[in-house]
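Data from coords.tsv: TSV, C-alpha atoms and all ligand atoms
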chain	number	residue	atom	x	y	z
A	1	MET	CA	8.26	14.55	13.65
A	2	ALA	CA	4.85	14.87	15.36
A	3	TYR	CA	1.79	14.30	13.23
A	4	GLN	CA	-1.80	15.19	14.06
A	5	THR	CA	-3.50	12.52	11.98
A	6	LEU	CA	-0.96	9.69	12.16
A	7	ILE	CA	0.86	7.66	14.77
A	8	VAL	CA	4.25	6.42	13.58
A	9	GLU	CA	6.34	3.82	15.38
A	10	ILE	CA	9.57	2.23	14.22
A	11	GLU	CA	10.37	-1.24	15.50
A	12	ASP	CA	12.87	-3.80	14.19
A	13	TYR	CA	13.42	-1.91	10.93
A	14	VAL	CA	9.69	-1.61	10.24
A	15	ALA	CA	7.79	1.69	10.27
A	16	LEU	CA	4.21	1.16	11.41
A	17	ILE	CA	2.11	4.10	10.23
A	18	ARG	CA	-1.32	4.21	11.82
A	19	LEU	CA	-3.98	6.50	10.32
A	20	ASN	CA	-5.52	8.30	13.27
A	21	ARG	CA	-8.69	10.31	12.71
A	22	PRO	CA	-11.04	8.15	14.77
A	23	GLU	CA	-13.77	10.80	14.79
A	24	ALA	CA	-14.14	10.41	11.00
A	25	LEU	CA	-13.27	6.71	10.56
A	26	ASN	CA	-9.86	7.82	9.23
A	27	ALA	CA	-11.42	9.68	6.30
A	28	LEU	CA	-8.62	10.95	4.11
A	29	ASN	CA	-8.56	14.73	4.25
A	30	SER	CA	-5.74	16.78	2.75
A	31	GLN	CA	-4.00	17.05	6.11
A	32	LEU	CA	-3.92	13.27	6.61
A	33	LEU	CA	-2.79	12.59	3.05
A	34	GLY	CA	-0.14	15.32	3.29
A	35	GLU	CA	1.15	13.90	6.57
A	36	LEU	CA	1.10	10.39	5.13
A	37	ALA	CA	3.18	11.50	2.14
A	38	GLU	CA	5.59	13.20	4.58
A	39	ALA	CA	5.80	10.13	6.88
A	40	LEU	CA	6.43	7.83	3.93
A	41	LYS	CA	9.15	10.11	2.58
A	42	SER	CA	10.81	10.21	5.96
A	43	ALA	CA	10.59	6.38	6.25
A	44	GLU	CA	12.09	6.13	2.76
A	45	GLU	CA	15.06	8.26	3.87
A	46	ASN	CA	15.54	6.55	7.24
A	47	ASP	CA	18.20	3.78	7.35
A	48	LYS	CA	16.39	2.31	10.35
A	49	VAL	CA	13.36	1.53	8.14
A	50	ARG	CA	13.45	-1.33	5.64
A	51	CYS	CA	9.72	-1.98	5.26
A	52	ILE	CA	6.56	0.00	5.97
A	53	VAL	CA	3.14	-1.07	7.26
A	54	ILE	CA	0.13	1.24	6.89
A	55	THR	CA	-2.88	0.49	9.06
A	56	GLY	CA	-5.94	2.16	10.57
A	57	SER	CA	-8.13	1.28	13.54
A	58	GLU	CA	-10.04	-1.92	14.17
A	59	LYS	CA	-13.25	-0.30	12.85
A	60	ALA	CA	-11.77	1.44	9.82
A	61	PHE	CA	-8.64	1.38	7.73
A	62	ALA	CA	-10.14	4.48	6.09
A	63	ALA	CA	-13.76	5.19	5.14
A	64	GLY	CA	-12.76	7.13	2.04
A	65	ALA	CA	-11.85	10.63	1.05
A	66	ASP	CA	-13.23	13.19	3.49
A	67	ILE	CA	-16.73	13.99	2.25
A	68	LYS	CA	-17.07	17.08	4.48
A	69	GLU	CA	-13.90	18.55	3.03
A	70	MET	CA	-14.93	17.80	-0.56
A	71	SER	CA	-18.62	18.64	-0.45
A	72	GLU	CA	-18.39	22.37	-1.24
A	73	LYS	CA	-15.55	22.20	-3.73
A	74	SER	CA	-16.01	23.27	-7.33
A	75	PHE	CA	-14.51	21.73	-10.43
A	76	VAL	CA	-12.02	24.61	-10.55
A	77	ASP	CA	-10.96	23.95	-6.92
A	78	MET	CA	-10.44	20.25	-7.62
A	79	PHE	CA	-8.69	20.78	-10.92
A	80	THR	CA	-6.37	23.61	-9.96
A	81	SER	CA	-5.22	21.88	-6.75
A	82	ASP	CA	-5.04	18.55	-8.66
A	83	PHE	CA	-6.92	17.15	-5.65
A	84	PHE	CA	-5.05	14.08	-4.28
A	85	GLY	CA	-2.85	13.93	-7.39
A	86	VAL	CA	0.24	15.22	-5.62
A	87	GLU	CA	-0.19	12.94	-2.58
A	88	ALA	CA	-0.91	9.88	-4.74
A	89	GLU	CA	2.24	10.55	-6.77
A	90	ALA	CA	4.28	10.95	-3.55
A	91	ILE	CA	3.05	7.57	-2.27
A	92	LYS	CA	3.79	5.91	-5.61
A	93	ARG	CA	7.39	7.13	-5.51
A	94	ILE	CA	8.27	5.12	-2.34
A	95	ARG	CA	10.71	2.34	-3.25
A	96	LYS	CA	10.66	0.49	0.08
A	97	PRO	CA	8.00	-2.25	0.32
A	98	ILE	CA	4.68	-1.13	1.83
A	99	ILE	CA	2.09	-3.49	3.32
A	100	ALA	CA	-1.50	-2.38	3.96
A	101	ALA	CA	-2.92	-3.99	7.11
A	102	VAL	CA	-6.67	-3.53	6.74
A	103	SER	CA	-9.25	-3.95	9.48
A	104	GLY	CA	-12.84	-2.75	9.12
A	105	TYR	CA	-13.84	-0.34	6.37
A	106	ALA	CA	-11.54	0.31	3.42
A	107	LEU	CA	-13.91	2.34	1.26
A	108	GLY	CA	-13.43	4.73	-1.63
A	109	GLY	CA	-10.07	6.44	-1.15
A	110	GLY	CA	-9.38	3.99	1.71
A	111	CYS	CA	-9.66	1.03	-0.65
A	112	GLU	CA	-7.58	2.95	-3.18
A	113	LEU	CA	-4.88	3.69	-0.59
A	114	ALA	CA	-4.73	0.00	0.35
A	115	MET	CA	-4.39	-0.90	-3.34
A	116	MET	CA	-1.53	1.60	-3.73
A	117	CYS	CA	0.44	-0.42	-1.19
A	118	ASP	CA	2.46	-3.41	-2.42
A	119	PHE	CA	0.13	-5.96	-0.90
A	120	ILE	CA	-2.81	-6.13	1.46
A	121	ILE	CA	-3.22	-8.31	4.52
A	122	CYS	CA	-6.68	-7.98	6.01
A	123	ALA	CA	-8.59	-8.96	9.12
A	124	GLU	CA	-11.73	-11.10	8.99
A	125	ASN	CA	-13.87	-7.99	9.63
A	126	ALA	CA	-12.50	-6.09	6.61
A	127	LYS	CA	-14.95	-4.53	4.16
A	128	PHE	CA	-13.76	-3.14	0.86
A	129	GLY	CA	-15.83	-0.93	-1.40
A	130	GLN	CA	-15.89	1.87	-3.96
A	131	PRO	CA	-19.19	3.49	-2.95
A	132	GLU	CA	-18.47	6.89	-4.56
A	133	ILE	CA	-21.40	6.37	-6.92
A	134	ASN	CA	-23.72	6.87	-3.92
A	135	LEU	CA	-22.31	10.40	-3.65
A	136	GLY	CA	-22.79	11.21	-7.31
A	137	VAL	CA	-19.12	10.84	-8.19
A	138	ILE	CA	-16.68	8.05	-9.04
A	139	ALA	CA	-13.37	6.88	-7.57
A	140	GLY	CA	-10.63	9.49	-7.85
A	141	ILE	CA	-7.39	7.93	-6.57
A	142	GLY	CA	-7.06	5.08	-9.03
A	143	GLY	CA	-9.94	2.82	-7.96
A	144	THR	CA	-11.40	2.19	-11.41
A	145	GLN	CA	-7.98	1.20	-12.74
A	146	ARG	CA	-6.44	-0.69	-9.81
A	147	LEU	CA	-9.52	-2.61	-8.61
A	148	THR	CA	-10.12	-3.80	-12.18
A	149	ARG	CA	-6.58	-5.15	-12.38
A	150	PHE	CA	-6.95	-6.87	-9.00
A	151	VAL	CA	-10.37	-8.48	-9.38
A	152	GLY	CA	-11.23	-8.30	-13.10
A	153	LYS	CA	-13.79	-6.23	-15.00
A	154	SER	CA	-17.01	-7.91	-13.90
A	155	LYS	CA	-16.44	-7.63	-10.17
A	156	ALA	CA	-14.89	-4.15	-10.48
A	157	MET	CA	-17.93	-2.92	-12.44
A	158	ASP	CA	-20.22	-4.51	-9.84
A	159	MET	CA	-18.38	-2.71	-7.01
A	160	HIS	CA	-18.16	0.68	-8.75
A	161	LEU	CA	-21.70	0.65	-10.14
A	162	THR	CA	-23.65	-0.77	-7.19
A	163	GLY	CA	-21.38	0.61	-4.46
A	164	ARG	CA	-21.65	-2.68	-2.57
A	165	PHE	CA	-19.00	-3.81	-0.09
A	166	MET	CA	-16.81	-6.91	-0.44
A	167	ASP	CA	-16.03	-8.91	2.69
A	168	ALA	CA	-12.65	-10.42	3.56
A	169	ALA	CA	-13.43	-13.88	2.19
A	170	GLU	CA	-14.52	-12.47	-1.17
A	171	ALA	CA	-11.50	-10.14	-1.22
A	172	GLU	CA	-9.14	-13.08	-0.74
A	173	ARG	CA	-11.00	-15.24	-3.27
A	174	SER	CA	-10.80	-12.43	-5.84
A	175	GLY	CA	-7.11	-11.70	-5.37
A	176	LEU	CA	-7.56	-8.27	-3.78
A	177	VAL	CA	-5.75	-9.33	-0.59
A	178	SER	CA	-2.89	-11.75	-0.06
A	179	ARG	CA	-4.05	-13.13	3.32
A	180	VAL	CA	-6.96	-12.93	5.74
A	181	VAL	CA	-6.20	-13.30	9.45
A	182	PRO	CA	-8.26	-13.15	12.65
A	183	ASN	CA	-8.82	-9.55	13.76
A	184	ALA	CA	-6.49	-9.80	16.75
A	185	LYS	CA	-3.67	-11.21	14.60
A	186	LEU	CA	-3.69	-8.45	11.98
A	187	ILE	CA	-0.88	-6.26	13.30
A	188	PRO	CA	1.34	-9.15	14.51
A	189	GLU	CA	0.95	-10.89	11.13
A	190	ALA	CA	1.61	-7.72	9.12
A	191	MET	CA	4.61	-6.82	11.31
A	192	ALA	CA	5.99	-10.36	11.01
A	193	ALA	CA	5.66	-10.19	7.20
A	194	ALA	CA	7.34	-6.77	7.20
A	195	GLN	CA	10.15	-7.99	9.46
A	196	LYS	CA	10.73	-10.93	7.13
A	197	ILE	CA	11.02	-8.50	4.22
A	198	ALA	CA	13.31	-6.27	6.31
A	199	GLU	CA	15.81	-9.15	6.57
A	200	LYS	CA	16.24	-9.32	2.78
A	201	SER	CA	18.59	-7.36	0.59
A	202	MET	CA	16.87	-4.01	0.02
A	203	LEU	CA	18.40	-3.97	-3.46
A	204	ALA	CA	16.64	-7.22	-4.36
A	205	ALA	CA	13.43	-6.08	-2.66
A	206	ALA	CA	13.40	-2.80	-4.62
A	207	ALA	CA	14.09	-4.71	-7.85
A	208	ALA	CA	11.25	-7.17	-7.14
A	209	LYS	CA	8.87	-4.28	-6.40
A	210	GLU	CA	9.83	-2.44	-9.60
A	211	ALA	CA	9.54	-5.57	-11.72
A	212	VAL	CA	6.13	-6.60	-10.38
A	213	ASN	CA	4.82	-3.03	-10.76
A	214	ARG	CA	6.17	-2.93	-14.32
A	215	SER	CA	3.84	-5.82	-15.18
A	216	TYR	CA	0.95	-3.34	-14.97
A	217	GLU	CA	2.56	-0.88	-17.35
A	218	THR	CA	3.98	-2.88	-20.21
A	219	THR	CA	3.68	-5.94	-22.46
A	220	MET	CA	4.61	-9.43	-21.24
A	221	GLU	CA	7.67	-9.50	-23.48
A	222	GLU	CA	8.98	-6.10	-22.33
A	223	GLY	CA	8.19	-6.95	-18.70
A	224	ILE	CA	10.10	-10.21	-18.90
A	225	LEU	CA	13.07	-8.45	-20.48
A	226	PHE	CA	12.93	-5.76	-17.77
A	227	GLU	CA	12.90	-8.50	-15.12
A	228	ARG	CA	15.78	-10.39	-16.74
A	229	ARG	CA	17.93	-7.26	-16.92
A	230	LEU	CA	17.26	-6.49	-13.23
A	231	PHE	CA	18.09	-10.12	-12.41
A	232	HIS	CA	21.37	-9.75	-14.34
A	233	ALA	CA	22.11	-6.42	-12.62
A	234	LEU	CA	21.76	-7.95	-9.16
A	235	PHE	CA	24.86	-10.03	-9.96
A	236	ALA	CA	26.81	-6.78	-9.61
A	237	THR	CA	25.88	-6.64	-5.91
A	238	GLU	CA	27.67	-7.96	-2.84
A	239	ASP	CA	24.30	-9.15	-1.58
A	240	GLN	CA	24.03	-11.66	-4.44
A	241	LYS	CA	27.47	-13.06	-3.54
A	242	GLU	CA	26.53	-13.17	0.14
A	243	GLY	CA	23.09	-14.72	-0.45
A	244	MET	CA	24.41	-17.52	-2.61
A	245	ALA	CA	27.49	-18.14	-0.44
A	246	ALA	CA	25.29	-18.34	2.66
A	247	PHE	CA	23.09	-20.92	0.98
A	248	LEU	CA	26.08	-23.03	0.01
A	249	GLU	CA	27.64	-22.68	3.49
A	250	LYS	CA	24.28	-23.54	5.13
A	251	ARG	CA	24.08	-20.32	7.16
A	252	GLU	CA	21.84	-17.26	7.32
A	253	PRO	CA	22.83	-14.48	4.88
A	254	GLN	CA	23.96	-11.08	6.20
A	255	PHE	CA	22.77	-8.62	3.61
A	256	ARG	CA	24.34	-5.14	3.56
A	257	ASP	CA	22.39	-3.50	0.71
A	258	LYS	CA	25.60	-3.24	-1.33
A	301	LIG	N1	-15.74	11.46	5.08
A	301	LIG	C1	-15.99	12.22	6.17
A	301	LIG	N2	-16.51	11.73	7.32
A	301	LIG	C2	-16.79	10.42	7.36
A	301	LIG	C3	-16.54	9.56	6.28
A	301	LIG	C4	-15.99	10.13	5.10
A	301	LIG	N3	-15.66	9.38	4.01
A	301	LIG	N4	-16.93	8.30	6.62
A	301	LIG	C5	-17.38	8.38	7.88
A	301	LIG	N5	-17.30	9.66	8.33
A	301	LIG	C6	-17.70	10.17	9.65
A	301	LIG	C7	-19.21	10.26	9.76
A	301	LIG	O1	-19.68	11.46	9.15
A	301	LIG	C8	-19.39	10.23	11.25
A	301	LIG	O2	-19.07	11.51	11.76
A	301	LIG	P1	-20.13	12.22	12.82
A	301	LIG	O3	-20.09	11.31	14.02
A	301	LIG	O4	-19.50	13.55	13.04
A	301	LIG	O5	-21.45	12.25	12.14
A	301	LIG	C9	-18.27	9.29	11.72
A	301	LIG	O6	-17.31	9.25	10.67
A	301	LIG	C10	-18.75	7.87	11.96
A	301	LIG	O7	-19.41	7.42	10.79
A	301	LIG	P2	-20.88	6.79	10.81
A	301	LIG	O8	-21.69	7.34	11.94
A	301	LIG	O9	-21.46	6.93	9.43
A	301	LIG	O10	-20.51	5.26	11.14
A	301	LIG	P3	-21.33	3.95	10.74
A	301	LIG	O11	-20.67	2.85	11.46
A	301	LIG	O12	-22.79	4.16	10.90
A	301	LIG	O13	-21.07	3.78	9.14
A	301	LIG	C11	-19.72	3.71	7.13
A	301	LIG	C12	-19.78	3.49	8.66
A	301	LIG	C13	-20.58	2.66	6.40
A	301	LIG	C14	-18.27	3.57	6.71
A	301	LIG	C15	-20.25	5.13	6.80
A	301	LIG	O14	-19.58	6.07	7.63
A	301	LIG	C16	-20.04	5.56	5.37
A	301	LIG	O15	-20.77	5.13	4.49
A	301	LIG	N6	-19.02	6.42	5.13
A	301	LIG	C17	-18.76	6.97	3.82
A	301	LIG	C18	-18.11	5.97	2.89
A	301	LIG	C19	-17.88	6.55	1.53
A	301	LIG	O16	-18.80	6.97	0.85
A	301	LIG	N7	-16.61	6.62	1.08
A	301	LIG	C20	-16.23	7.19	-0.18
A	301	LIG	C21	-15.84	8.63	0.01
A	301	LIG	S1	-15.57	9.48	-1.54
A	301	LIG	C22	-14.03	8.99	-2.05
A	301	LIG	O17	-13.34	8.25	-1.39
A	301	LIG	C23	-13.60	9.59	-3.37
A	301	LIG	C24	-12.29	9.09	-3.88
A	301	LIG	O18	-12.16	7.99	-4.37
A	301	LIG	C25	-11.15	9.97	-3.88
What does the file become when written as C-alpha cells?
Ligand code: CAA
Amino acid sequence: MAYQTLIVEIEDYVALIRLNRPEALNALNSQLLGELAEALKSAEENDKVRCIVITGSEKAFAAGADIKEMSEKSFVDMFTSDFFGVEAEAIKRIRKPIIAAVSGYALGGGCELAMMCDFIICAENAKFGQPEINLGVIAGIGGTQRLTRFVGKSKAMDMHLTGRFMDAAEAERSGLVSRVVPNAKLIPEAMAAAQKIAEKSMLAAAAAKEAVNRSYETTMEEGILFERRLFHALFATEDQKEGMAAFLEKREPQFRDK
C-alpha cells in the first residue's frame, strides 16, 4: 500500500517504517498517525515481518503533534474525535516487537510515540522533550505517565514543567533509551537489533513483550505469577523443544512459531 506520510520497506523479516513529513519535521498530524496505525496493522498481519522499526529523518524523529492542525480545534472537536486516542490504541495493540530508532528531535507526541515502542535506540544527536507547556497545554499521548515511569518523577516533572530538552547522554543515563549510537550507525544498529529479534520464536517474543508490559499495570506478585504462567505455557510449544534441543546439540535453533 502507498502512503503519503510514510516510507515502508521490508527487509530480512523487518519492517522499517520511516515517518516522512520533512516539511514539518515529521509532526504527527491525523493523516500520519492514521497511516502509521494502518502500516503497523499490515506489518502485524504480514508473515514476512517479525519485528518493526519506526524511525524519522536525521533531523527529527517527530517534532510533536501537528500544531497547525490542532491550533483551531475546540474542546468539543478534541473530545468528540477522541483526538489521537484511536491511533494510540491501535499502536498499543501490536504484538510484534517495535523498536524506535530516534535521530534528532523527539518532542511532545514524537517523544510519546517513541515511548510507545518496546524500546528506543537513539543517535548521539537525539533530543527528547515534552515542551507542550510552552503551547499552553500538556502532553496528550501518554507523556506524563510513560516518561515518569521511564525516568522517575523528578526528571519527568522537570521535563513537563520547564519544557527543556534531554540529550542522548542524559536519556541513556536516565533509562529512557536502551542504547546511544553514532548518528550514521542508527539505522544499521536498529536493523541489526530487529533482525536478531526476528530470528527468535515469535511466540516467546510476544510472551516477553506482554510480560514486560504487564509490569506497568499490576503488582509485583501478580506480574511474577503472570510471567511464570507464560513461562509454563511456552512448554506447550514446539519452539521450546527446538530451542532446548538445539542448545544441547550445539547448533542454531530453527524456530517455526509453533
Ligand atoms: N507541528 C507543526 N509544524 C511543526 C512542528 C509541529 N509540532 N514542529 C516543527 N514544525 C514545522 C515548523 O512550523 C516549520 O515549518 P515552516 O517552515 O512552514 O515554518 C518546520 O517544521 C521547521 O521547523 P522550524 O523552522 O521551527 O525548525 P527549527 O530547527 O528552527 O526548530 C524545533 C526545530 C525546536 C523542533 C521547533 O520546530 C519546535 O519547537 N517545534 C515544536 C515542538 C513542540 O512544541 N512539540 C510539541 C507539540 S504539541 C504535542 O505534541 C501534544 C501532544 O503531546 C499530543
Check your understanding: Which protein, DNA or RNA residues have an atom within 7 Å of ligand LIG 301 (chain A), counting all atoms listed in the file, as a list in words?
Key ->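 Taking all atoms listed in the file into account, the residues around ligand LIG 301 (chain A) at most 7 Å away are Glu23, Ala24, Leu25, Ala27, Ala63, Gly64, Ala65, Asp66, Ile67, Lys68, Tyr105, Leu107, Gly108, Gly109, Gly110, Glu112, Gln130, Pro131, Glu132, Asn134, Leu135, Ile138, Ala139, Gly140, Ile141 and Gly143 of chain A.
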Take the residues that were just selected and, keeping C-alpha atoms, output them as a PDB file, keeping the file's coordinate frame.
ATOM      1  CA  GLU A  23     -13.770  10.800  14.790  1.00  0.00           C
ATOM      2  CA  ALA A  24     -14.140  10.410  11.000  1.00  0.00           C
ATOM      3  CA  LEU A  25     -13.270   6.710  10.560  1.00  0.00           C
ATOM      4  CA  ALA A  27     -11.420   9.680   6.300  1.00  0.00           C
ATOM      5  CA  ALA A  63     -13.760   5.190   5.140  1.00  0.00           C
ATOM      6  CA  GLY A  64     -12.760   7.130   2.040  1.00  0.00           C
ATOM      7  CA  ALA A  65     -11.850  10.630   1.050  1.00  0.00           C
ATOM      8  CA  ASP A  66     -13.230  13.190   3.490  1.00  0.00           C
ATOM      9  CA  ILE A  67     -16.730  13.990   2.250  1.00  0.00           C
ATOM     10  CA  LYS A  68     -17.070  17.080   4.480  1.00  0.00           C
ATOM     11  CA  TYR A 105     -13.840  -0.340   6.370  1.00  0.00           C
ATOM     12  CA  LEU A 107     -13.910   2.340   1.260  1.00  0.00           C
ATOM     13  CA  GLY A 108     -13.430   4.730  -1.630  1.00  0.00           C
ATOM     14  CA  GLY A 109     -10.070   6.440  -1.150  1.00  0.00           C
ATOM     15  CA  GLY A 110      -9.380   3.990   1.710  1.00  0.00           C
ATOM     16  CA  GLU A 112      -7.580   2.950  -3.180  1.00  0.00           C
ATOM     17  CA  GLN A 130     -15.890   1.870  -3.960  1.00  0.00           C
ATOM     18  CA  PRO A 131     -19.190   3.490  -2.950  1.00  0.00           C
ATOM     19  CA  GLU A 132     -18.470   6.890  -4.560  1.00  0.00           C
ATOM     20  CA  ASN A 134     -23.720   6.870  -3.920  1.00  0.00           C
ATOM     21  CA  LEU A 135     -22.310  10.400  -3.650  1.00  0.00           C
ATOM     22  CA  ILE A 138     -16.680   8.050  -9.040  1.00  0.00           C
ATOM     23  CA  ALA A 139     -13.370   6.880  -7.570  1.00  0.00           C
ATOM     24  CA  GLY A 140     -10.630   9.490  -7.850  1.00  0.00           C
ATOM     25  CA  ILE A 141      -7.390   7.930  -6.570  1.00  0.00           C
ATOM     26  CA  GLY A 143      -9.940   2.820  -7.960  1.00  0.00           C
TER      27      GLY A 143
END
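For the residues A:Leu248, A:Leu36, A:Leu28, A:Val53, ranking by smallest atom-to-atom distance to Ala2 in chain A using only C-alpha atoms places A:Leu36 first.
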Handout entry: Separation of CA of His232 in chain A from CA of Thr218 in chain A in Å
Key =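 Atom-to-atom, CA of Thr218 in chain A and CA of His232 in chain A are spaced 19.6 Å apart.
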Point-to-point distance from CA of Ala101 in chain A to CA of Ala190 in chain A, Å rounded to tenths: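 Interatomic distance here is 6.2 Å.
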- Would you kindly return, as a ChimeraX atom specification, each protein, DNA or RNA residue with an atom no farther than 12 Å from any atom of Val14 in chain A, considering all atoms listed in the file and excluding same-chain residues fewer than 2 positions away? /A:8-12,16-17,40,43-44,46-54,96-99,187,190-199
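The coordinates place CA of Asn213 in chain A at 27.1 Å from CA of Asn26 in chain A.
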(Q) From the options A:Glu58, A:Glu87, A:Glu170, A:Glu45, which residue's atoms come nearest to Ser30 in chain A, counting all atoms listed in the file? (A)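 With all atoms listed in the file as the atom set, the closest residue is A:Glu87.
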*Write out as a PyMOL selection string the residues lying within 10 Å of Ala208 in chain A, counting only C-alpha atoms and excluding same-chain residues fewer than 4 positions away.*
chain A and resi 97+202-204+212-214+227+230-231
Here is a test: counting all atoms listed in the file, which residue of A:Val137, A:Lys200, A:Glu89, A:Thr55 is nearest to Ser71 in chain A?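 That would be A:Val137, the residue with the smallest distance to Ser71 in chain A.
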Of A:Ala245, A:Lys127, A:Met1, A:Met70, the one sitting nearest Ala39 in chain A when using all atoms listed in the file is A:Met1
*What's the 8 Å shell around Met116 in chain A, counting all atoms listed in the file, without same-chain residues fewer than 3 positions away, as a ChimeraX atom specification?*
/A:91-92,112-113
Once 8 Å is added on each side, what are the centre and the three edge lengths, in Å to one decimal, of the axis-aligned box enclosing the listed atoms of range 211-222 of chain A? Present them as lines of an AutoDock Vina configuration file.
center_x = 5.2
center_y = -5.2
center_z = -16.9
size_x = 24.6
size_y = 24.6
size_z = 29.1
**Request:** Dump as a PyMOL selection string all residues having an atom at most 6 Å from (11.7, -2.2, -13.3), computed in the file's coordinates with all atoms listed in the file.
**Result:** chain A and resi 210-211+214+226
